[in-house]
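Novice: Quick one, data-v4.csv (CSV, C-alpha atoms and all ligand atoms):
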chain,number,residue,atom,x,y,z
A,1,MET,CA,-11.2,20.8,8.0
A,2,MET,CA,-8.1,21.9,6.2
A,3,ILE,CA,-6.2,25.0,7.3
A,4,VAL,CA,-4.1,26.3,4.4
A,5,MET,CA,-1.3,28.5,5.8
A,6,LYS,CA,0.1,31.5,3.8
A,7,PRO,CA,3.4,30.9,2.1
A,8,THR,CA,4.8,33.5,4.5
A,9,ALA,CA,3.5,31.8,7.7
A,10,THR,CA,6.1,31.5,10.4
A,11,GLU,CA,6.9,28.5,12.5
A,12,ALA,CA,5.3,30.2,15.5
A,13,GLU,CA,2.1,30.8,13.5
A,14,ILE,CA,1.9,27.2,12.4
A,15,ASP,CA,2.5,26.0,16.0
A,16,ALA,CA,-0.3,28.4,17.2
A,17,VAL,CA,-2.7,26.8,14.8
A,18,ILE,CA,-1.7,23.3,15.8
A,19,ASP,CA,-2.2,24.3,19.5
A,20,ARG,CA,-5.6,25.7,18.8
A,21,ILE,CA,-6.7,22.5,17.0
A,22,GLU,CA,-5.5,20.3,19.9
A,23,THR,CA,-6.9,22.5,22.6
A,24,LEU,CA,-10.3,21.9,21.2
A,25,GLY,CA,-9.8,18.2,21.3
A,26,ALA,CA,-9.3,17.6,17.6
A,27,THR,CA,-6.1,16.2,16.0
A,28,ALA,CA,-3.7,18.2,13.8
A,29,HIS,CA,-2.0,16.5,10.9
A,30,PRO,CA,0.4,19.1,9.4
A,31,ILE,CA,1.7,18.5,5.9
A,32,PHE,CA,4.8,20.5,5.0
A,33,GLY,CA,4.7,20.9,1.2
A,34,THR,CA,7.4,22.5,-0.9
A,35,GLU,CA,5.5,25.8,-1.1
A,36,LEU,CA,2.7,25.6,1.4
A,37,THR,CA,1.9,24.2,4.8
A,38,VAL,CA,-1.5,22.7,5.1
A,39,ILE,CA,-2.8,21.5,8.5
A,40,GLY,CA,-5.6,18.8,8.5
A,41,ALA,CA,-7.8,19.1,11.6
A,42,VAL,CA,-9.8,15.9,12.2
A,43,GLY,CA,-12.0,14.8,15.1
A,44,ASP,CA,-15.6,15.1,16.2
A,45,ARG,CA,-17.6,17.6,14.2
A,46,ALA,CA,-18.4,19.6,17.3
A,47,HIS,CA,-14.6,20.1,17.9
A,48,VAL,CA,-13.7,20.9,14.4
A,49,GLU,CA,-16.6,23.3,13.8
A,50,HIS,CA,-15.5,25.7,16.5
A,51,LEU,CA,-11.9,26.2,15.4
A,52,ASP,CA,-12.4,29.8,14.5
A,53,LEU,CA,-9.2,30.1,12.6
A,54,ASP,CA,-10.4,32.3,9.7
A,55,GLY,CA,-8.2,35.4,9.7
A,56,ALA,CA,-5.8,34.0,12.3
A,57,PRO,CA,-2.2,35.1,11.9
A,58,GLY,CA,-0.5,33.2,9.1
A,59,VAL,CA,-3.8,31.5,8.0
A,60,ASP,CA,-4.7,31.9,4.3
A,61,ARG,CA,-8.0,30.0,4.4
A,62,VAL,CA,-10.0,27.4,6.1
A,63,VAL,CA,-11.6,24.8,3.8
A,64,PRO,CA,-13.9,22.0,4.8
A,65,ILE,CA,-13.0,18.6,3.4
A,66,LEU,CA,-16.3,17.3,2.1
A,67,LYS,CA,-15.3,13.7,1.6
A,68,PRO,CA,-15.9,11.2,4.4
A,69,TYR,CA,-12.2,10.3,4.3
A,70,LYS,CA,-10.3,13.4,5.3
A,71,LEU,CA,-6.6,12.5,5.5
A,72,ALA,CA,-6.7,10.2,2.5
A,73,SER,CA,-8.4,12.8,0.3
A,74,ALA,CA,-6.6,14.4,-2.6
A,75,GLU,CA,-7.9,17.8,-1.3
A,76,LEU,CA,-5.7,17.6,1.7
A,77,ARG,CA,-2.6,17.8,-0.4
A,78,GLN,CA,-4.1,20.1,-3.0
A,79,GLY,CA,-3.9,17.4,-5.6
A,80,GLU,CA,-0.1,16.7,-5.0
A,81,PRO,CA,0.6,13.0,-4.8
A,82,SER,CA,2.4,11.5,-1.8
A,83,ILE,CA,5.9,10.2,-2.5
A,84,PHE,CA,7.3,7.7,0.0
A,85,ASN,CA,10.8,6.5,0.4
A,86,ILE,CA,10.7,3.1,2.0
A,87,GLY,CA,13.9,1.4,2.8
A,88,GLY,CA,15.6,3.1,-0.1
A,89,SER,CA,12.8,2.4,-2.6
A,90,ARG,CA,10.5,5.2,-3.8
A,91,ILE,CA,6.9,5.0,-4.7
A,92,GLY,CA,4.4,7.7,-5.9
A,93,GLY,CA,4.5,10.9,-7.9
A,94,GLY,CA,6.3,9.3,-10.9
A,95,HIS,CA,8.3,6.7,-8.9
A,96,PHE,CA,7.2,3.3,-10.0
A,97,ALA,CA,7.6,0.3,-7.5
A,98,LEU,CA,8.0,-3.2,-8.7
A,99,MET,CA,7.2,-5.5,-5.8
A,100,ALA,CA,7.9,-9.2,-6.6
A,101,GLY,CA,8.5,-12.5,-4.9
A,102,PRO,CA,6.8,-15.7,-4.0
A,103,CYS,CA,3.3,-15.9,-2.9
A,104,THR,CA,4.5,-17.8,0.2
A,105,VAL,CA,7.9,-18.4,1.8
A,106,GLU,CA,8.3,-22.1,1.5
A,107,THR,CA,12.0,-23.0,1.8
A,108,ARG,CA,15.3,-21.2,2.2
A,109,GLU,CA,16.4,-22.0,-1.3
A,110,GLN,CA,13.1,-21.0,-3.0
A,111,THR,CA,13.0,-17.7,-1.1
A,112,LEU,CA,16.7,-16.7,-1.7
A,113,ASP,CA,16.6,-17.8,-5.3
A,114,THR,CA,13.5,-15.8,-6.1
A,115,ALA,CA,14.9,-12.8,-4.2
A,116,ASP,CA,18.1,-12.9,-6.3
A,117,VAL,CA,16.1,-13.2,-9.5
A,118,VAL,CA,13.8,-10.3,-8.8
A,119,LYS,CA,16.5,-8.1,-7.5
A,120,ALA,CA,18.6,-8.7,-10.6
A,121,ALA,CA,15.6,-7.9,-12.8
A,122,GLY,CA,15.2,-4.5,-11.1
A,123,ALA,CA,12.4,-5.1,-8.6
A,124,THR,CA,12.3,-2.5,-5.8
A,125,PHE,CA,10.6,-4.5,-3.1
A,126,LEU,CA,10.6,-8.2,-2.2
A,127,ARG,CA,7.1,-9.7,-1.5
A,128,GLY,CA,6.5,-13.0,0.3
A,129,GLY,CA,4.0,-14.3,2.8
A,130,ALA,CA,4.9,-15.9,6.1
A,131,TYR,CA,1.3,-15.8,7.5
A,132,LYS,CA,-1.1,-16.7,4.8
A,133,PRO,CA,-4.9,-16.2,4.7
A,134,ARG,CA,-6.3,-19.4,3.2
A,135,THR,CA,-9.9,-20.1,2.1
A,136,SER,CA,-9.6,-23.6,3.4
A,137,PRO,CA,-8.5,-24.1,7.1
A,138,TYR,CA,-6.7,-27.2,5.9
A,139,GLY,CA,-4.5,-25.3,3.4
A,140,PHE,CA,-0.8,-24.5,4.0
A,141,ASN,CA,-1.0,-21.3,6.1
A,142,GLY,CA,2.7,-20.3,6.0
A,143,LEU,CA,5.8,-20.9,7.9
A,144,GLY,CA,5.1,-18.1,10.4
A,145,GLN,CA,8.2,-17.0,12.4
A,146,GLU,CA,10.5,-19.3,10.4
A,147,GLY,CA,9.2,-17.6,7.2
A,148,LEU,CA,10.0,-14.2,8.7
A,149,ARG,CA,13.5,-15.3,9.4
A,150,LEU,CA,14.0,-16.4,5.8
A,151,LEU,CA,12.6,-13.0,4.6
A,152,ALA,CA,15.1,-11.3,6.8
A,153,GLU,CA,17.9,-13.3,5.3
A,154,ALA,CA,16.7,-12.4,1.7
A,155,LYS,CA,16.5,-8.8,2.7
A,156,GLU,CA,20.0,-8.8,4.1
A,157,ARG,CA,21.3,-10.5,1.0
A,158,THR,CA,19.6,-8.3,-1.7
A,159,GLY,CA,19.1,-5.0,0.2
A,160,LEU,CA,15.4,-5.1,-1.0
A,161,PRO,CA,12.8,-3.8,1.4
A,162,VAL,CA,10.3,-6.5,2.3
A,163,ILE,CA,6.5,-6.4,2.1
A,164,THR,CA,4.7,-9.1,4.0
A,165,GLU,CA,1.2,-9.6,5.4
A,166,CYS,CA,0.2,-9.2,9.0
A,167,LEU,CA,-2.9,-11.3,9.4
A,168,ASP,CA,-3.4,-11.0,13.2
A,169,VAL,CA,-2.5,-8.3,15.6
A,170,ARG,CA,-0.9,-10.9,17.8
A,171,ASP,CA,1.8,-11.4,15.2
A,172,LEU,CA,2.5,-7.7,14.8
A,173,PRO,CA,5.6,-7.5,17.0
A,174,ALA,CA,7.3,-10.3,15.1
A,175,VAL,CA,6.3,-9.1,11.6
A,176,LEU,CA,7.5,-5.6,12.5
A,177,GLU,CA,11.0,-6.9,13.0
A,178,VAL,CA,11.3,-7.8,9.3
A,179,ALA,CA,8.6,-6.0,7.3
A,180,ASP,CA,9.4,-2.6,5.7
A,181,VAL,CA,5.8,-2.5,4.5
A,182,LEU,CA,3.0,-4.3,6.4
A,183,GLN,CA,0.4,-5.8,4.0
A,184,ILE,CA,-3.2,-5.8,5.0
A,185,GLY,CA,-4.8,-8.5,3.0
A,186,ALA,CA,-8.1,-8.2,1.1
A,187,ARG,CA,-9.9,-10.2,3.7
A,188,ASN,CA,-8.8,-7.9,6.5
A,189,MET,CA,-9.5,-4.6,4.7
A,190,GLN,CA,-12.4,-4.0,7.1
A,191,ASN,CA,-10.8,-5.4,10.2
A,192,TYR,CA,-10.9,-2.1,12.0
A,193,GLY,CA,-9.1,-3.3,15.1
A,194,LEU,CA,-6.1,-4.5,13.0
A,195,LEU,CA,-6.1,-1.2,11.0
A,196,THR,CA,-6.1,0.9,14.1
A,197,GLU,CA,-3.2,-1.1,15.8
A,198,ILE,CA,-1.2,-1.1,12.6
A,199,GLY,CA,-1.9,2.7,12.3
A,200,ARG,CA,-0.5,3.1,15.8
A,201,CYS,CA,2.7,1.2,15.0
A,202,GLY,CA,3.7,3.9,12.5
A,203,HIS,CA,5.1,1.5,10.0
A,204,PRO,CA,4.4,1.8,6.2
A,205,VAL,CA,1.3,-0.1,5.2
A,206,MET,CA,-0.3,-1.4,2.0
A,207,ILE,CA,-4.0,-2.0,2.2
A,208,LYS,CA,-5.5,-4.4,-0.4
A,209,ARG,CA,-9.0,-3.8,-1.6
A,210,GLY,CA,-11.6,-6.2,-0.2
A,211,LEU,CA,-13.1,-8.7,-2.5
A,212,SER,CA,-16.4,-6.8,-2.7
A,213,ALA,CA,-15.3,-3.4,-1.4
A,214,THR,CA,-16.1,-0.1,-3.0
A,215,LEU,CA,-13.3,2.5,-3.5
A,216,ASP,CA,-14.9,4.7,-0.8
A,217,GLU,CA,-14.7,1.7,1.6
A,218,LEU,CA,-11.0,1.2,0.7
A,219,LEU,CA,-10.3,4.9,1.3
A,220,MET,CA,-12.1,4.7,4.7
A,221,ALA,CA,-9.9,1.7,5.6
A,222,ALA,CA,-6.9,3.9,4.7
A,223,GLU,CA,-8.3,6.7,6.9
A,224,TYR,CA,-8.3,4.3,9.9
A,225,VAL,CA,-4.5,4.0,9.6
A,226,LEU,CA,-3.9,7.7,8.7
A,227,LYS,CA,-6.0,8.8,11.6
A,228,GLU,CA,-3.6,7.2,14.0
A,229,GLY,CA,-0.8,9.5,12.8
A,230,ASN,CA,0.6,7.0,10.3
A,231,PRO,CA,1.1,8.8,7.0
A,232,THR,CA,2.6,6.0,4.9
A,233,VAL,CA,-0.3,4.2,3.3
A,234,ILE,CA,-0.3,2.5,-0.1
A,235,LEU,CA,-3.6,1.4,-1.7
A,236,CYS,CA,-3.8,-1.9,-3.7
A,237,GLU,CA,-6.3,-2.9,-6.4
A,238,ARG,CA,-6.2,-6.8,-6.5
A,239,GLY,CA,-9.4,-7.6,-8.4
A,240,ILE,CA,-13.0,-7.7,-7.2
A,241,ARG,CA,-15.8,-10.2,-7.3
A,242,THR,CA,-18.1,-9.9,-10.3
A,243,PHE,CA,-20.5,-12.3,-12.1
A,244,GLU,CA,-17.6,-13.4,-14.4
A,245,THR,CA,-16.1,-16.8,-13.6
A,246,ALA,CA,-13.5,-17.1,-16.4
A,247,TYR,CA,-10.8,-15.8,-14.1
A,248,ARG,CA,-10.3,-15.6,-10.3
A,249,PHE,CA,-11.4,-11.9,-9.8
A,250,THR,CA,-12.1,-9.0,-12.2
A,251,LEU,CA,-9.2,-6.5,-12.2
A,252,ASP,CA,-10.7,-3.1,-11.9
A,253,LEU,CA,-8.4,-0.9,-14.0
A,254,SER,CA,-10.7,2.1,-13.5
A,255,ALA,CA,-9.7,2.1,-9.9
A,256,ILE,CA,-6.3,3.4,-10.8
A,257,PRO,CA,-7.2,6.8,-12.2
A,258,VAL,CA,-10.2,7.1,-9.9
A,259,LEU,CA,-8.2,6.5,-6.7
A,260,GLN,CA,-5.5,8.9,-8.0
A,261,GLU,CA,-8.2,11.5,-8.5
A,262,LEU,CA,-9.8,11.0,-5.1
A,263,SER,CA,-6.6,10.5,-3.0
A,264,HIS,CA,-2.9,11.5,-2.8
A,265,LEU,CA,-1.9,7.9,-1.8
A,266,PRO,CA,0.0,5.7,-4.2
A,267,VAL,CA,-1.9,3.0,-6.0
A,268,VAL,CA,-0.4,-0.5,-6.6
A,269,VAL,CA,-2.0,-3.2,-8.7
A,270,ASP,CA,-1.8,-6.9,-8.0
A,271,PRO,CA,-2.4,-8.8,-11.3
A,272,SER,CA,-1.6,-12.2,-9.8
A,273,HIS,CA,-4.5,-12.6,-7.4
A,274,ALA,CA,-6.9,-10.9,-9.9
A,275,ALA,CA,-5.9,-13.3,-12.7
A,276,GLY,CA,-5.5,-16.6,-10.9
A,277,ARG,CA,-3.5,-17.9,-13.9
A,278,ARG,CA,-0.1,-17.1,-15.3
A,279,ALA,CA,-1.1,-16.3,-18.9
A,280,LEU,CA,-3.2,-13.3,-17.8
A,281,VAL,CA,-0.6,-11.8,-15.4
A,282,GLU,CA,1.5,-10.0,-18.0
A,283,PRO,CA,-1.3,-8.4,-20.0
A,284,LEU,CA,-2.9,-7.2,-16.8
A,285,SER,CA,0.4,-5.9,-15.5
A,286,LEU,CA,1.1,-4.0,-18.8
A,287,ALA,CA,-2.4,-2.5,-18.8
A,288,ALA,CA,-2.1,-1.4,-15.1
A,289,ALA,CA,1.4,0.1,-15.6
A,290,ALA,CA,0.3,2.0,-18.8
A,291,ALA,CA,-2.9,3.2,-17.0
A,292,GLY,CA,-0.6,5.0,-14.5
A,293,ALA,CA,-0.4,2.6,-11.5
A,294,ASP,CA,2.3,3.6,-9.0
A,295,GLY,CA,3.5,0.0,-8.8
A,296,ILE,CA,2.8,-3.6,-9.4
A,297,ILE,CA,3.0,-6.4,-6.9
A,298,VAL,CA,3.4,-9.8,-8.6
A,299,GLU,CA,4.1,-13.4,-7.6
A,300,VAL,CA,7.2,-15.3,-8.8
A,301,HIS,CA,8.3,-18.8,-8.1
A,302,PRO,CA,11.3,-20.9,-9.3
A,303,GLU,CA,9.0,-23.9,-9.9
A,304,PRO,CA,5.4,-22.8,-9.9
A,305,GLU,CA,4.3,-26.4,-10.5
A,306,HIS,CA,5.5,-27.3,-7.0
A,307,ALA,CA,4.4,-24.2,-5.2
A,308,LEU,CA,2.5,-24.8,-2.0
A,309,CYS,CA,0.1,-21.9,-2.7
A,310,ASP,CA,-1.1,-20.1,-5.8
A,311,GLY,CA,1.1,-22.1,-8.2
A,312,PRO,CA,-1.1,-21.5,-11.3
A,313,GLN,CA,-0.7,-17.8,-11.1
A,314,GLN,CA,3.0,-17.4,-10.1
A,315,LEU,CA,5.3,-16.2,-12.9
A,316,ARG,CA,8.3,-18.4,-13.6
A,317,ALA,CA,11.5,-17.0,-12.1
A,318,ASP,CA,13.4,-17.6,-15.4
A,319,GLU,CA,10.9,-15.5,-17.3
A,320,PHE,CA,10.8,-12.6,-14.8
A,321,ALA,CA,13.5,-10.4,-16.2
A,322,ASP,CA,11.8,-10.1,-19.6
A,323,TYR,CA,8.5,-9.5,-18.0
A,324,ALA,CA,10.0,-6.8,-15.8
A,325,SER,CA,11.5,-5.0,-18.7
A,326,ARG,CA,8.2,-4.9,-20.5
A,327,VAL,CA,6.4,-3.6,-17.4
A,328,VAL,CA,8.9,-0.8,-17.0
A,329,ARG,CA,8.3,0.2,-20.6
A,330,ALA,CA,4.6,0.3,-20.0
A,331,ALA,CA,5.0,2.4,-16.9
A,332,ALA,CA,7.1,4.8,-18.9
A,333,LEU,CA,4.1,5.4,-21.2
A,334,ALA,CA,2.3,6.9,-18.1
A,335,GLY,CA,5.4,8.9,-17.1
A,336,ASN,CA,6.5,6.6,-14.3
A,337,ALA,CA,10.0,5.2,-13.8
A,338,ILE,CA,11.7,2.9,-11.3
A,339,GLN,CA,14.0,4.9,-9.2
A,340,ALA,CA,15.4,2.7,-6.5
A,341,SER,CA,17.8,4.4,-4.2
A,342,VAL,CA,19.0,1.4,-2.2
A,343,GLY,CA,21.4,2.4,0.4
A,344,VAL,CA,20.2,6.0,0.7
B,401,LIG,C1,-1.4,-12.0,-1.0
B,401,LIG,O1,-1.0,-11.0,-1.6
B,401,LIG,O2,-0.5,-12.8,-0.5
B,401,LIG,C2,-2.8,-12.3,-0.8
B,401,LIG,C3,-3.2,-13.3,-0.1
B,401,LIG,O3,-3.6,-11.4,-1.5
B,401,LIG,P1,-5.1,-11.0,-1.2
B,401,LIG,O4,-5.2,-10.5,0.2
B,401,LIG,O5,-5.3,-9.9,-2.2
B,401,LIG,O6,-6.0,-12.2,-1.5
B,402,MN,MN,-0.8,-15.7,-3.4
Kindly transcribe the structure held in the file into structure tokens.
Specialist:
Amino acid sequence: MMIVMKPTATEAEIDAVIDRIETLGATAHPIFGTELTVIGAVGDRAHVEHLDLDGAPGVDRVVPILKPYKLASAELRQGEPSIFNIGGSRIGGGHFALMAGPCTVETREQTLDTADVVKAAGATFLRGGAYKPRTSPYGFNGLGQEGLRLLAEAKERTGLPVITECLDVRDLPAVLEVADVLQIGARNMQNYGLLTEIGRCGHPVMIKRGLSATLDELLMAAEYVLKEGNPTVILCERGIRTFETAYRFTLDLSAIPVLQELSHLPVVVDPSHAAGRRALVEPLSLAAAAAGADGIIVEVHPEPEHALCDGPQQLRADEFADYASRVVRAAALAGNAIQASVGV
């Protein structure tokens, strides 16, 4: 249920509505917009149905949210996109995020060199995996705590906020020390215990679409995090499994406008894991940026031939600046611009 307050509603009237929702055993999620305050009431249907707030002081109207995801739905914010400022970098509502860095943190030199290159080219977030989900249990699965330490050093040096994956709830305290955004990988999109714990920690989160997940399932995963009172959730399209085998996954470009129609949350595209090979990464990035994605997350390595993971798809560090300038131009076609505000 969504309680839309009158523009003239007082703080006391807003508090009274929140009290009423919570007294009935539901949870209130107030959203203070520039003009209006909207209060989402979520919980068991039995609780939410008896709110009786129609005509209450300061209440303009009470509207049911028909979608199964409530807090993630576009309706909740009356079609206004969420804009997040994470560690000085903005994303959403016209602010384009360029998240770049190695697939995996391998060595100090590789991590710091890549961080310097992506920062100089205008990236607004540094990506890098310390805990890696690998299809083979014999694959290199990341440096763990040492990888986090190197990411912390790269962050200190460049000022870029860090996005890194948390694979297991047991690693969460350590990952939280370094991550500005916690990545939930495609394989964990429906790990509901992890989503709930990460929701509770209140840290910004990016959820990657599962290999065979529908957009509704992705939005329900976001709802798990939002329901815990964590409002900073980014969605990521990273390619889905289809019958086509000419590339690793099929990048679902339609997901960009459709998710933006269904939800107020920013939508990032990962062309690297969709493509699986370098030559496809730039065309997919340009298409995604021009289609209105709120950001791109892309893999970059100083020597992809020697990468311990995903070498064939990582962009060459020395080609990254040209790539980045073309992506920024494509984003501009959709009315989006990079607006980092590092230090703010
Ligand atoms: C990654 O971004 O490092 C990754 C493993 O991606 P995905 O979960 O989309 O496969
Ligand atoms: Mn990778």
Novice: At a cut-off of 9 Å around ligand LIG 401 (chain B), and using only C-alpha atoms and all ligand atoms, what residues come up? Please write them as number ranges by chain.
Specialist: A: 102-104, 127-129, 131-134, 164-165, 183-189, 207-211, 236-239, 270, 272-274, 297-299
Novice: Would you kindly return, as a PyMOL selection string, each protein, DNA or RNA residue with an atom no farther than 8 Å from any atom of A:Thr114, considering only C-alpha atoms and excluding same-chain residues fewer than 5 positions away?
Specialist: chain A and resi 101-102+300-302+317
Novice: I'd like to know which of A:Val175, A:Met5, A:Ala293, A:Ala222 is closest to A:Ile39, using all atoms listed in the file.
Specialist: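 Nearest to A:Ile39: A:Met5.
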Novice: The residues within 8 Å of (6.5, 9.3, -5.4), using only C-alpha atoms and the coordinates of the file, should be reported as a VMD selection string; which are they?
Specialist: chain A and resid 81 to 85 90 to 96 266 294
Novice: Using only C-alpha atoms and all ligand atoms, find the one residue out of A:Ala287, A:Leu148, A:Val105, A:Leu195 that sits nearest to ligand MN 402 (chain B).
Specialist: A:Val105
Novice: Which residues come within 7 Å of stretch 50-62 of chain A, counting all atoms listed in the file, excluding same-chain residues fewer than 2 positions away, as a list in words?
Specialist: Met1, Met2, Ile3, Val4, Met5, Lys6, Ala9, Thr10, Glu13, Ile21, Ala46, His47, Val48 and Pro64 of chain A
Novice: Need the shell around A:Asp318: protein/DNA/RNA residues with any atom at most 12 Å away, counting only C-alpha atoms. Skip same-chain ones fewer than 5 positions apart. Format as a list in words?
Specialist: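 Counting only the stated atoms, we get Asp113, Thr114, Asp116, Val117, Val118, Ala120, Ala121, Val300, His301, Pro302, Glu303, Pro304, Tyr323 and Ala324 of chain A.
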Novice: If we count only C-alpha atoms, what is near A:Ala152 at a cut-off of 12 Å, once residues fewer than 3 positions away on the same chain are taken out, given as a JSON list (two decimals) with C-alpha atoms, in the frame of the given file?
Specialist:
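Once everything was written out, this is around.json:
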[["chain", "number", "residue", "atom", "x", "y", "z"],
["A", 105, "VAL", "CA", 7.90, -18.40, 1.80],
["A", 108, "ARG", "CA", 15.30, -21.20, 2.20],
["A", 111, "THR", "CA", 13.00, -17.70, -1.10],
["A", 112, "LEU", "CA", 16.70, -16.70, -1.70],
["A", 115, "ALA", "CA", 14.90, -12.80, -4.20],
["A", 126, "LEU", "CA", 10.60, -8.20, -2.20],
["A", 127, "ARG", "CA", 7.10, -9.70, -1.50],
["A", 128, "GLY", "CA", 6.50, -13.00, 0.30],
["A", 130, "ALA", "CA", 4.90, -15.90, 6.10],
["A", 145, "GLN", "CA", 8.20, -17.00, 12.40],
["A", 146, "GLU", "CA", 10.50, -19.30, 10.40],
["A", 147, "GLY", "CA", 9.20, -17.60, 7.20],
["A", 148, "LEU", "CA", 10.00, -14.20, 8.70],
["A", 149, "ARG", "CA", 13.50, -15.30, 9.40],
["A", 155, "LYS", "CA", 16.50, -8.80, 2.70],
["A", 156, "GLU", "CA", 20.00, -8.80, 4.10],
["A", 157, "ARG", "CA", 21.30, -10.50, 1.00],
["A", 158, "THR", "CA", 19.60, -8.30, -1.70],
["A", 159, "GLY", "CA", 19.10, -5.00, 0.20],
["A", 160, "LEU", "CA", 15.40, -5.10, -1.00],
["A", 161, "PRO", "CA", 12.80, -3.80, 1.40],
["A", 162, "VAL", "CA", 10.30, -6.50, 2.30],
["A", 163, "ILE", "CA", 6.50, -6.40, 2.10],
["A", 164, "THR", "CA", 4.70, -9.10, 4.00],
["A", 174, "ALA", "CA", 7.30, -10.30, 15.10],
["A", 175, "VAL", "CA", 6.30, -9.10, 11.60],
["A", 176, "LEU", "CA", 7.50, -5.60, 12.50],
["A", 177, "GLU", "CA", 11.00, -6.90, 13.00],
["A", 178, "VAL", "CA", 11.30, -7.80, 9.30],
["A", 179, "ALA", "CA", 8.60, -6.00, 7.30],
["A", 180, "ASP", "CA", 9.40, -2.60, 5.70]]
Novice: Mind giving me the straight-line distance from atom CA of A:Gly33 to atom CA of A:Gln78 in Å, one decimal?
Specialist: 9.8 Å
Novice: Between atom CA of A:Gly79 and atom CA of A:His203, what is the distance, to one decimal in Å?
Specialist: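 Taking atom CA of A:Gly79 and atom CA of A:His203, their separation equals 24.0 Å.
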Novice: Here is a test: counting all atoms listed in the file, which residue of A:Ile31, A:Val328, A:Leu235, A:Ile14 is nearest to A:Ile256?
Specialist: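 For A:Ile256, the nearest of the candidates is A:Leu235.
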Novice: With only C-alpha atoms and all ligand atoms as the basis for distance, which of A:Cys309, A:Ile234, A:Ile296, A:Leu98 is at the shortest distance from ligand MN 402 (chain B)?
Specialist: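 So, comparing all the options, the nearest one is A:Cys309.
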Novice: Name all residues at most 6 Å from A:Leu262 (count only C-alpha atoms; drop same-chain ones fewer than 3 positions away) and give them as a list in words.
Specialist: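 That gives Ser73, Ala74 and Leu259 of chain A.
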Novice: Kindly give the distance, in Å, that separates atom CA of A:Asp44 and atom CA of A:Thr232, rounded to a single decimal.
Specialist: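 Atom CA of A:Thr232 lies at a distance of 23.3 Å from atom CA of A:Asp44.
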